[in-house]
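Pasting run-v3.cif here (mmCIF, C-alpha atoms and all ligand atoms):
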data_input
loop_
_atom_site.label_atom_id
_atom_site.label_comp_id
_atom_site.auth_asym_id
_atom_site.auth_seq_id
_atom_site.Cartn_x
_atom_site.Cartn_y
_atom_site.Cartn_z
CA MET A 22 94.14 85.93 104.54
CA PRO A 23 91.70 88.80 103.93
CA ASP A 24 89.62 88.38 107.11
CA CYS A 25 92.51 87.65 109.47
CA ILE A 26 93.06 90.39 112.05
CA PHE A 27 96.74 89.55 112.54
CA CYS A 28 97.33 89.56 108.76
CA LYS A 29 95.83 93.06 108.77
CA ILE A 30 98.22 94.13 111.54
CA ILE A 31 101.13 92.66 109.57
CA ALA A 32 99.98 94.54 106.46
CA GLY A 33 99.67 97.78 108.43
CA GLN A 34 95.93 97.97 107.76
CA ILE A 35 94.98 98.16 111.43
CA PRO A 36 97.08 99.63 114.24
CA ALA A 37 99.05 97.74 116.85
CA LYS A 38 101.82 98.62 119.30
CA ILE A 39 104.61 96.91 117.41
CA VAL A 40 107.77 96.17 119.40
CA TYR A 41 109.76 94.07 116.94
CA GLU A 42 109.74 93.21 113.26
CA ASP A 43 111.98 91.21 110.94
CA PRO A 44 111.30 89.55 107.59
CA VAL A 45 109.75 86.50 109.25
CA VAL A 46 108.00 87.59 112.46
CA LEU A 47 106.18 90.53 114.02
CA ALA A 48 105.71 91.18 117.75
CA PHE A 49 103.18 93.53 119.27
CA HIS A 50 101.35 94.23 122.53
CA ASP A 51 98.25 92.19 123.28
CA LEU A 52 95.12 94.35 123.24
CA GLN A 53 93.92 92.85 126.55
CA PRO A 54 97.10 92.20 128.54
CA GLN A 55 96.93 89.43 131.14
CA ALA A 56 100.25 90.40 132.74
CA PRO A 57 102.52 93.48 132.96
CA VAL A 58 104.31 92.11 129.89
CA HIS A 59 101.99 90.50 127.36
CA LEU A 60 103.23 90.40 123.80
CA LEU A 61 102.09 88.39 120.80
CA ILE A 62 104.71 87.06 118.40
CA VAL A 63 103.33 86.03 115.03
CA PRO A 64 104.79 84.68 111.82
CA LYS A 65 104.18 86.91 108.82
CA GLN A 66 103.17 83.78 106.93
CA HIS A 67 99.57 82.92 107.72
CA LEU A 68 98.99 79.60 109.43
CA ASP A 69 95.68 79.04 111.19
CA ARG A 70 97.09 77.21 114.20
CA VAL A 71 100.15 75.51 115.65
CA SER A 72 98.92 72.07 114.58
CA ASP A 73 99.22 73.22 110.96
CA LEU A 74 103.02 73.36 111.27
CA ASP A 75 104.67 70.68 109.17
CA GLU A 76 108.13 69.84 107.89
CA THR A 77 108.10 72.87 105.57
CA THR A 78 107.08 75.41 108.22
CA ALA A 79 108.33 73.94 111.53
CA LEU A 80 111.28 76.34 111.67
CA LEU A 81 108.78 79.15 112.25
CA ALA A 82 108.10 77.74 115.72
CA GLY A 83 111.76 78.12 116.64
CA GLN A 84 111.82 81.66 115.30
CA LEU A 85 108.78 82.59 117.40
CA VAL A 86 110.40 81.15 120.53
CA ALA A 87 113.79 82.75 119.82
CA THR A 88 112.07 86.12 119.36
CA GLY A 89 110.14 85.64 122.61
CA ASN A 90 113.38 84.83 124.44
CA ARG A 91 115.12 87.90 123.04
CA LEU A 92 112.22 90.20 123.89
CA ALA A 93 112.07 88.76 127.41
CA ARG A 94 115.75 89.62 127.86
CA GLU A 95 115.30 93.10 126.42
CA LEU A 96 112.29 93.77 128.66
CA GLY A 97 114.17 92.64 131.75
CA ILE A 98 111.99 89.66 132.65
CA ALA A 99 114.32 86.85 131.60
CA GLN A 100 115.81 86.45 135.07
CA SER A 101 112.53 86.63 137.00
CA GLY A 102 110.87 84.32 134.48
CA TYR A 103 108.17 84.31 131.89
CA ARG A 104 105.71 82.08 130.08
CA LEU A 105 105.50 81.29 126.38
CA VAL A 106 102.07 79.97 125.37
CA ILE A 107 100.51 78.77 122.13
CA ASN A 108 96.79 78.00 122.30
CA CYS A 109 95.33 75.57 119.77
CA ASN A 110 91.67 75.43 118.76
CA SER A 111 88.68 75.96 121.03
CA ASP A 112 89.55 73.74 124.00
CA GLY A 113 93.06 75.17 123.88
CA GLY A 114 91.65 78.66 124.26
CA GLN A 115 92.52 79.92 120.78
CA SER A 116 90.44 82.91 119.71
CA VAL A 117 92.45 84.31 116.80
CA TYR A 118 93.17 81.84 114.02
CA HIS A 119 96.59 83.07 112.99
CA LEU A 120 99.41 81.20 114.73
CA HIS A 121 100.80 83.28 117.60
CA LEU A 122 103.01 82.88 120.64
CA HIS A 123 102.09 84.71 123.85
CA LEU A 124 104.97 86.13 125.92
CA LEU A 125 103.71 86.74 129.46
CA GLY A 126 105.76 88.04 132.37
CA GLY A 127 106.29 90.66 135.01
CA ARG A 128 104.29 88.79 137.66
CA PRO A 129 104.25 85.25 139.08
CA MET A 130 102.37 82.84 136.83
CA HIS A 131 100.12 80.15 138.27
CA TRP A 132 99.83 76.53 137.25
CA PRO A 133 97.57 74.96 136.16
CA PRO A 134 96.32 77.99 134.20
CA GLY A 135 92.61 77.02 134.48
P1 LIG B 1 94.38 83.38 121.67
O1 LIG B 1 93.21 83.38 122.61
O2 LIG B 1 95.51 82.50 122.11
O3 LIG B 1 93.93 83.13 120.24
O4 LIG B 1 94.98 84.84 121.74
C1 LIG B 1 94.52 85.89 120.95
C2 LIG B 1 94.97 87.14 121.61
O5 LIG B 1 94.88 88.18 120.66
C3 LIG B 1 94.13 87.58 122.81
O6 LIG B 1 94.95 87.64 123.96
C4 LIG B 1 93.58 88.94 122.41
O7 LIG B 1 93.56 89.84 123.48
C5 LIG B 1 94.56 89.36 121.34
N1 LIG B 1 94.07 90.28 120.34
C6 LIG B 1 92.92 90.19 119.63
N2 LIG B 1 92.82 91.21 118.76
C7 LIG B 1 93.96 91.95 118.91
C8 LIG B 1 94.45 93.13 118.29
N3 LIG B 1 93.78 93.77 117.32
N4 LIG B 1 95.64 93.61 118.70
C9 LIG B 1 96.33 92.99 119.68
N5 LIG B 1 95.92 91.87 120.29
C10 LIG B 1 94.74 91.35 119.92
#

Could you express the structure from this file as structure tokens?
Amino acid sequence: MPDCIFCKIIAGQIPAKIVYEDPVVLAFHDLQPQAPVHLLIVPKQHLDRVSDLDETTALLAGQLVATGNRLARELGIAQSGYRLVINCNSDGGQSVYHLHLHLLGGRPMHWPPG
């Protein structure tokens, strides 16, 4: 998607602090971290939002979560705990319309998030 900022990061057209890449997903640091660990895990395939997942793309959700779990272990926050978040559309707090999973950790999280 030509105007998608995360597609541009995936294509290497704009910089990001990339921490993990495989043929399906890319993970990088959030530009405005909300916690000591705040990574974004995105599928290389462009989907606008989580509600666009269907039977042909649903496995991507598992790959995002599995990558988040592995990165949490590698970053040493698996034991203390972490939060995986996907925002959907405006009321869900989505601001970038390329499906992404937030990995947040390194401090206690509060609920409800507000
Ligand atoms: P969301 O509000 O769930 O759509 O999350 C989008 C996230 O993308 C926000 O936390 C932003 O800080 C982050 N973000 C926006 N642009 C960039 C960028 N160029 N590099 C890294 N993170 C970004």

**OP:** For ligand LIG 1 (chain B), list the contacting residues at 6 Å or closer, counting all atoms listed in the file, as a PyMOL selection string.
**Re:** chain A and resi 37+50-53+108+114-117

Okay, now the selection with C-alpha atoms, as an mmCIF file, in the coordinates of the input?
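The resulting file, out23.cif, is reproduced below:
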data_model
loop_
_atom_site.group_PDB
_atom_site.id
_atom_site.type_symbol
_atom_site.label_atom_id
_atom_site.label_comp_id
_atom_site.auth_asym_id
_atom_site.auth_seq_id
_atom_site.Cartn_x
_atom_site.Cartn_y
_atom_site.Cartn_z
ATOM 1 C CA ALA A 37 99.050 97.740 116.850
ATOM 2 C CA HIS A 50 101.350 94.230 122.530
ATOM 3 C CA ASP A 51 98.250 92.190 123.280
ATOM 4 C CA LEU A 52 95.120 94.350 123.240
ATOM 5 C CA GLN A 53 93.920 92.850 126.550
ATOM 6 C CA ASN A 108 96.790 78.000 122.300
ATOM 7 C CA GLY A 114 91.650 78.660 124.260
ATOM 8 C CA GLN A 115 92.520 79.920 120.780
ATOM 9 C CA SER A 116 90.440 82.910 119.710
ATOM 10 C CA VAL A 117 92.450 84.310 116.800
#

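For the set A:Pro36, A:Pro64, A:Pro134, A:Pro54, the residue with the smallest atom-to-atom gap to Ala79 in chain A is A:Pro64, counting all atoms listed in the file.
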
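Checking A:Leu96, A:Ile26, A:Ala82, A:Leu122 one by one against Val58 in chain A, counting only C-alpha atoms, you find the shortest gap at A:Leu96.
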
Original post:
Within 12 Å of (114.4, 91.4, 109.9), in the coordinates the file gives, what residues turn up when you count all atoms listed in the file, written out as a ChimeraX atom specification?
Top reply: /A:41-48,64-65,84,88

Residues just named, written with C-alpha atoms as a PDB file, in the frame of the given file:
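The result, written out as selection-v8.pdb:
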ATOM      1  CA  TYR A  41     109.760  94.070 116.940  1.00  0.00           C
ATOM      2  CA  GLU A  42     109.740  93.210 113.260  1.00  0.00           C
ATOM      3  CA  ASP A  43     111.980  91.210 110.940  1.00  0.00           C
ATOM      4  CA  PRO A  44     111.300  89.550 107.590  1.00  0.00           C
ATOM      5  CA  VAL A  45     109.750  86.500 109.250  1.00  0.00           C
ATOM      6  CA  VAL A  46     108.000  87.590 112.460  1.00  0.00           C
ATOM      7  CA  LEU A  47     106.180  90.530 114.020  1.00  0.00           C
ATOM      8  CA  ALA A  48     105.710  91.180 117.750  1.00  0.00           C
ATOM      9  CA  PRO A  64     104.790  84.680 111.820  1.00  0.00           C
ATOM     10  CA  LYS A  65     104.180  86.910 108.820  1.00  0.00           C
ATOM     11  CA  GLN A  84     111.820  81.660 115.300  1.00  0.00           C
ATOM     12  CA  THR A  88     112.070  86.120 119.360  1.00  0.00           C
TER      13      THR A  88
END

Subject >> Interatomic distance, CA of Val63 in chain A to CA of Pro133 in chain A (Å, one decimal) >> reply: 24.5 Å

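When all atoms listed in the file are used to compute distances to Asp73 in chain A, the closest of the residues A:Ser101, A:His119, A:Gly127, A:Pro23 turns out to be A:His119.
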